[in-house]
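In what follows, a structure is listed as C-alpha cells, so that the remarks can point back to it.
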Amino acid sequence: MSTTIITTPGIATHKRAAVDWKWVVIGACVAFTIYIAVIPLAFLFWQSFRTPQTATVPAVWTLGNYAAAYGTSETFRLFLTSVQFAFGASFFSFAVGTTLAWMNERTNTPFKSIFYALSLIPLVIPSILFTVAWILLASPQIGIINQLLQNWFGLAAPPFDIYSMGGMIWVDGLHYSPMAFLLMSAAFRAMDPSLEESATMSGASVWQVLWRVTLKLTWPAIFATILILFVRSIESFEVPALLGLPVGIEVFTSSIYTAVHRYPSQVGLASAYGVALLAITTVGVYAVARLSGKGSKYATMTGKGFRPRQIDLGAWRWATASGFILYFVLIVVLPFLVLLWSSFQHFYTVPSREALRNLTLDPYRFVFTYPDLASTMWNSLVLSFGSATVVMLVTSVICWLVVKTKIPGRWLLDNIASLPLVFPGIVLGLAIMIFYLNVDIGIYGTIWIMFIAYITRFMPYGMRYNTTSMLQIHTELEESAAMCGASWTTTFRRIVLPLLKPGLVAGWIYVMIVSIRELSTSILLYSPDTRVVSIVIWELWQNGQYVELSALGVLFILLLFVLVLIARWVGGKYGIREA
C-alpha cells in the first residue's frame, strides 16, 4: 500500500502538469487572439460617439461625428468617389490579370513559364514606391512620358494626368493585377478542358469558347477575385493619398488620415468614417465566404483524370507574347528604371545628354549617412520577422483547436481570428491608436504598438496557411503519441509543428514580406523613434526629396528581392512547392 501511495501521486502530478500546460498555452493564445481582434473594434465604435478632447475641453458623448460624416452632400460624394475608385481599380486589375492568366494557362503563348516566375516580382514593390514611380513617369509637370511625347510630337498640353481618378485607377489597378493573375491562373489550371474541346469540335472559334465556356465555368473564381480586389482597393491608402489628395479627390481612407491630422484631431470623425469603410469591407468579405461555399455546381474536376489542353493561337501567339512583354515593362521595368534614373540626379529631370553629364551618387550618400537609417532598418526587420513568427505560432494553436477538437463554439474562434481581415489597414491603425490612447499601459509611441498592429493585421493570413496544412494531419498521429505517454505540449512541439512546417514556412515568408512594406497601418502609429522604411519614404515624399526617395526606394526594392530569393530557397528546402 505504501508503494502505491508513493507512485500514484507522481503519476497524477505528471498528468496534472501536462494538462495544466496544455490549457495554459491554449488559453493564452485564445485570450491573445480575442484581445487583439475584438477590443480595437469595440473602441473604434466607442470613439465614434465621442467629441474631440483638448487640454481645456473634455470629451463628451455625441452623435455629431455621424452627423458630420453622413449628414451632408459631401458624404454622398465621398461614398461615390470611394466606390468609383474601388470598382475601377478592381475591374481593371481583373481584366488585365485574367487576360494574362488565360494566355498563360490555356494557350500556347511562348515564354509563358518565364512570365509566371516574373509575375511575382511586382508584388515585392511597395505600393508607395510604385505610385511615386508613376508620378515621375506621368505627372503633368515632371512626368518623363509626358515631356517626351510633348517634345516628339509638339503637343501643347501633356497627354496624361496621373493626378486624376483615371490615374488613380491605372496605378492601383496595374499594381495589383498580379494578384488577379495568380488567382485566375489557379482557376484556369484546375479546369477540365474537355468542355472547351467539345465546343471547338462543334465549330466554335477561340473567342466563342472563351466567352461561352471558359469564363462561365470559372464564374465563382471570377466573382471571388473581383470581390477580393474590390475590398483591397477600397482600403487602399497610398494611391489616394499621393494622387488624390493633391487635387482634392478624397476617398474614405484619405479622409480618415486628414481627420486625424487636423487640429484638434478629429478622431471621432475619423472613427465614423472608419465604421462605414469597415461595413463595406465586411460585406465584401462575407460575400466571398458565401460564394466559396456554393461553387460545387461549377466543379469540373472529378475522379476521372484529365490532361490539360492548350489552345493553338497560331500566329497570334506572338502577339500575346508581346502583350506579356509590354505588361512586364509597364509594371516592373519602367517603374524601377525611373527610380534608378532619379536616384543618380542632383534633382529630378527628364533623361537627356545634358542630364547624363550630371550623374551623381549624392542621393545614395544621403541615404547611407541618414541619421536614423540603421534604426529604421532595424525597426522594419524586427517588426516583420517578429510579427511573422508570432502570427504563425499563435495561429497554429488556434487552428489546432478549430480543426482537431470538438470544443463547442470553436467556429466562433475561427471567425474572431479572421476578423481583422475586414479591417482596412488605416482603420485598424486608427482603432489601435484609440485604444492605447485611452488605456495607457505604456506602449503608445513605442515599437510595441506597431508590433501589435502588424500581428493583428496579418493574423487571418496565418490562419489560412495553417488551416490548410492542419487539415492534412491525421489525428491518429497524435493519438499514437498520447498512447506512448507523450504530453500535449510534447506532441504539439515534436509532431504537429514539424508536420505543419510547409504551411508554417510559407505563411511566415508571406507575412514577413507584406509586413516589411506596410504603410497604411503604420502611418497613424509611428513616432520619431519607431519609424520604418515605408514611413521614411512617405516623409521624403512629403518633403519633396524625390531623388533621395528614389535612392532609398531602389535599395529597398533590391533588399526585398534578395529576401524573396532567400525565402524561396528556404521554402524549397522545406518542401514548399508552387501551386
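Ordered as shown in the C-alpha cells, chains take letters A, B, and onward, while each chain numbers its residues from 1 and ligands are numbered from 1 in the order shown.
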
DSSP helix (DSSP H, G or I) residues within stretch 426-534 of chain A, as a ChimeraX atom specification: /A:426-438,447-470,475-483,488-499,501-516,522-524,533-534

Output for the residues just chosen: C-alpha atoms as a PDB file, in the first residue's frame:
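Now in out.pdb:
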```pdb
ATOM      1  CA  ILE A 426      -5.702  52.605 -41.811  1.00  0.00           C
ATOM      2  CA  VAL A 427      -8.904  51.728 -39.881  1.00  0.00           C
ATOM      3  CA  LEU A 428      -7.013  49.103 -37.913  1.00  0.00           C
ATOM      4  CA  GLY A 429      -4.282  51.619 -37.126  1.00  0.00           C
ATOM      5  CA  LEU A 430      -6.930  54.115 -36.028  1.00  0.00           C
ATOM      6  CA  ALA A 431      -8.678  51.563 -33.774  1.00  0.00           C
ATOM      7  CA  ILE A 432      -5.415  50.540 -32.098  1.00  0.00           C
ATOM      8  CA  MET A 433      -4.381  54.178 -31.686  1.00  0.00           C
ATOM      9  CA  ILE A 434      -7.706  54.997 -29.981  1.00  0.00           C
ATOM     10  CA  PHE A 435      -7.478  52.002 -27.659  1.00  0.00           C
ATOM     11  CA  TYR A 436      -3.962  52.688 -26.387  1.00  0.00           C
ATOM     12  CA  LEU A 437      -4.625  56.408 -26.073  1.00  0.00           C
ATOM     13  CA  ASN A 438      -7.453  55.595 -23.662  1.00  0.00           C
ATOM     14  CA  ILE A 447       7.549  49.916 -31.279  1.00  0.00           C
ATOM     15  CA  TRP A 448       5.275  47.576 -29.332  1.00  0.00           C
ATOM     16  CA  ILE A 449       2.089  49.256 -30.542  1.00  0.00           C
ATOM     17  CA  MET A 450       3.196  48.768 -34.155  1.00  0.00           C
ATOM     18  CA  PHE A 451       4.149  45.178 -33.340  1.00  0.00           C
ATOM     19  CA  ILE A 452       0.629  44.503 -32.039  1.00  0.00           C
ATOM     20  CA  ALA A 453      -0.869  46.235 -35.089  1.00  0.00           C
ATOM     21  CA  TYR A 454       1.133  44.075 -37.501  1.00  0.00           C
ATOM     22  CA  ILE A 455       0.206  40.875 -35.657  1.00  0.00           C
ATOM     23  CA  THR A 456      -3.467  41.875 -35.705  1.00  0.00           C
ATOM     24  CA  ARG A 457      -3.458  42.826 -39.383  1.00  0.00           C
ATOM     25  CA  PHE A 458      -1.819  39.624 -40.621  1.00  0.00           C
ATOM     26  CA  MET A 459      -3.387  37.127 -38.217  1.00  0.00           C
ATOM     27  CA  PRO A 460      -6.002  35.996 -40.823  1.00  0.00           C
ATOM     28  CA  TYR A 461      -3.261  35.089 -43.303  1.00  0.00           C
ATOM     29  CA  GLY A 462      -1.596  32.882 -40.714  1.00  0.00           C
ATOM     30  CA  MET A 463      -4.958  31.188 -40.123  1.00  0.00           C
ATOM     31  CA  ARG A 464      -5.380  30.392 -43.808  1.00  0.00           C
ATOM     32  CA  TYR A 465      -1.883  28.933 -44.241  1.00  0.00           C
ATOM     33  CA  ASN A 466      -2.015  26.854 -41.033  1.00  0.00           C
ATOM     34  CA  THR A 467      -5.569  25.615 -41.562  1.00  0.00           C
ATOM     35  CA  THR A 468      -4.668  24.192 -44.975  1.00  0.00           C
ATOM     36  CA  SER A 469      -1.729  22.257 -43.510  1.00  0.00           C
ATOM     37  CA  MET A 470      -3.566  21.234 -40.320  1.00  0.00           C
ATOM     38  CA  THR A 475      -5.451  12.565 -35.681  1.00  0.00           C
ATOM     39  CA  GLU A 476      -4.031   9.058 -35.370  1.00  0.00           C
ATOM     40  CA  LEU A 477      -0.530  10.515 -35.169  1.00  0.00           C
ATOM     41  CA  GLU A 478      -1.431  12.498 -32.058  1.00  0.00           C
ATOM     42  CA  GLU A 479      -3.321   9.519 -30.626  1.00  0.00           C
ATOM     43  CA  SER A 480      -0.267   7.293 -31.077  1.00  0.00           C
ATOM     44  CA  ALA A 481       1.925   9.808 -29.267  1.00  0.00           C
ATOM     45  CA  ALA A 482      -0.578  10.064 -26.420  1.00  0.00           C
ATOM     46  CA  MET A 483      -0.661   6.262 -26.058  1.00  0.00           C
ATOM     47  CA  TRP A 488       0.099  17.543 -25.329  1.00  0.00           C
ATOM     48  CA  THR A 489       2.951  20.050 -25.377  1.00  0.00           C
ATOM     49  CA  THR A 490       5.423  17.356 -26.410  1.00  0.00           C
ATOM     50  CA  THR A 491       3.084  16.056 -29.107  1.00  0.00           C
ATOM     51  CA  PHE A 492       2.404  19.534 -30.441  1.00  0.00           C
ATOM     52  CA  ARG A 493       6.081  20.520 -30.422  1.00  0.00           C
ATOM     53  CA  ARG A 494       7.538  17.281 -31.809  1.00  0.00           C
ATOM     54  CA  ILE A 495       4.772  16.041 -34.123  1.00  0.00           C
ATOM     55  CA  VAL A 496       2.237  18.727 -35.057  1.00  0.00           C
ATOM     56  CA  LEU A 497       4.626  21.653 -35.643  1.00  0.00           C
ATOM     57  CA  PRO A 498       7.116  19.626 -37.744  1.00  0.00           C
ATOM     58  CA  LEU A 499       4.250  18.341 -39.908  1.00  0.00           C
ATOM     59  CA  LYS A 501       6.352  23.046 -41.446  1.00  0.00           C
ATOM     60  CA  PRO A 502       5.467  23.651 -45.126  1.00  0.00           C
ATOM     61  CA  GLY A 503       2.448  25.803 -44.211  1.00  0.00           C
ATOM     62  CA  LEU A 504       4.299  27.493 -41.361  1.00  0.00           C
ATOM     63  CA  VAL A 505       7.261  28.456 -43.524  1.00  0.00           C
ATOM     64  CA  ALA A 506       5.117  29.555 -46.477  1.00  0.00           C
ATOM     65  CA  GLY A 507       2.919  31.693 -44.212  1.00  0.00           C
ATOM     66  CA  TRP A 508       5.941  33.096 -42.398  1.00  0.00           C
ATOM     67  CA  ILE A 509       7.521  34.133 -45.697  1.00  0.00           C
ATOM     68  CA  TYR A 510       4.346  35.834 -46.891  1.00  0.00           C
ATOM     69  CA  VAL A 511       3.674  37.711 -43.641  1.00  0.00           C
ATOM     70  CA  MET A 512       7.311  38.810 -43.421  1.00  0.00           C
ATOM     71  CA  ILE A 513       7.301  40.260 -46.950  1.00  0.00           C
ATOM     72  CA  VAL A 514       3.977  42.120 -46.703  1.00  0.00           C
ATOM     73  CA  SER A 515       4.699  43.489 -43.212  1.00  0.00           C
ATOM     74  CA  ILE A 516       8.126  44.884 -44.106  1.00  0.00           C
ATOM     75  CA  SER A 522       1.897  52.349 -39.555  1.00  0.00           C
ATOM     76  CA  ILE A 523       1.022  55.872 -40.692  1.00  0.00           C
ATOM     77  CA  LEU A 524      -1.088  56.627 -37.581  1.00  0.00           C
ATOM     78  CA  VAL A 533      11.369  52.242 -44.114  1.00  0.00           C
ATOM     79  CA  SER A 534       7.926  52.860 -45.615  1.00  0.00           C
TER      80      SER A 534
END
```

Within 10 Å of A:Ser119 using only C-alpha atoms, minus same-chain residues under 6 positions, as a PyMOL selection string: chain A and resi 177-179+181-182+324+327-328+331-332

Report as a tab-separated table: every residue of stretch 332-449 of chain A with an atom at most 12 Å from stretch 144-164 of chain A, its closest pair of atoms, and their distance in Å to one decimal, counting only C-alpha atoms, with rows sorted by chain and ascending residue number.
```
residue	atom	partner	partner_atom	distance
A:Leu334	CA	A:Ile145	CA	10.3
A:Pro335	CA	A:Ile144	CA	11.3
A:Leu337	CA	A:Ile144	CA	11.4
A:Val338	CA	A:Ile144	CA	8.4
A:Leu339	CA	A:Ile144	CA	11.5
A:Trp341	CA	A:Ile144	CA	10.8
A:Ser342	CA	A:Ile144	CA	10.8
A:Tyr348	CA	A:Ile144	CA	10.1
A:Thr349	CA	A:Ile144	CA	8.2
A:Val350	CA	A:Ile144	CA	5.5
A:Pro351	CA	A:Ile144	CA	7.7
A:Ser352	CA	A:Leu148	CA	10.2
```

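Using only C-alpha atoms, the smallest distance between any of A:Ile249, A:Thr98, A:Thr107, A:Val564 and A:Gly167 comes from A:Ile249.
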
Near-A:Ala551 list (12 Å; only C-alpha atoms; drop same-chain fewer than 4 positions) as a PyMOL selection string: chain A and resi 129+133+336-348+360-368+370+537+540+545-547+555-558

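Taking atom CA of A:Thr369 as the reference point, atom CA of A:Leu519 is found at 23.3 Å.
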
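When only C-alpha atoms are used to compute distances to A:Ala89, the closest of the residues A:Lys112, A:Arg531, A:Arg106, A:Arg232 turns out to be A:Arg232.
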
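Using only C-alpha atoms for every distance, the candidate list A:Phe91, A:Tyr257, A:Tyr176, A:Phe237 yields A:Phe91 as the residue closest to A:Phe223.
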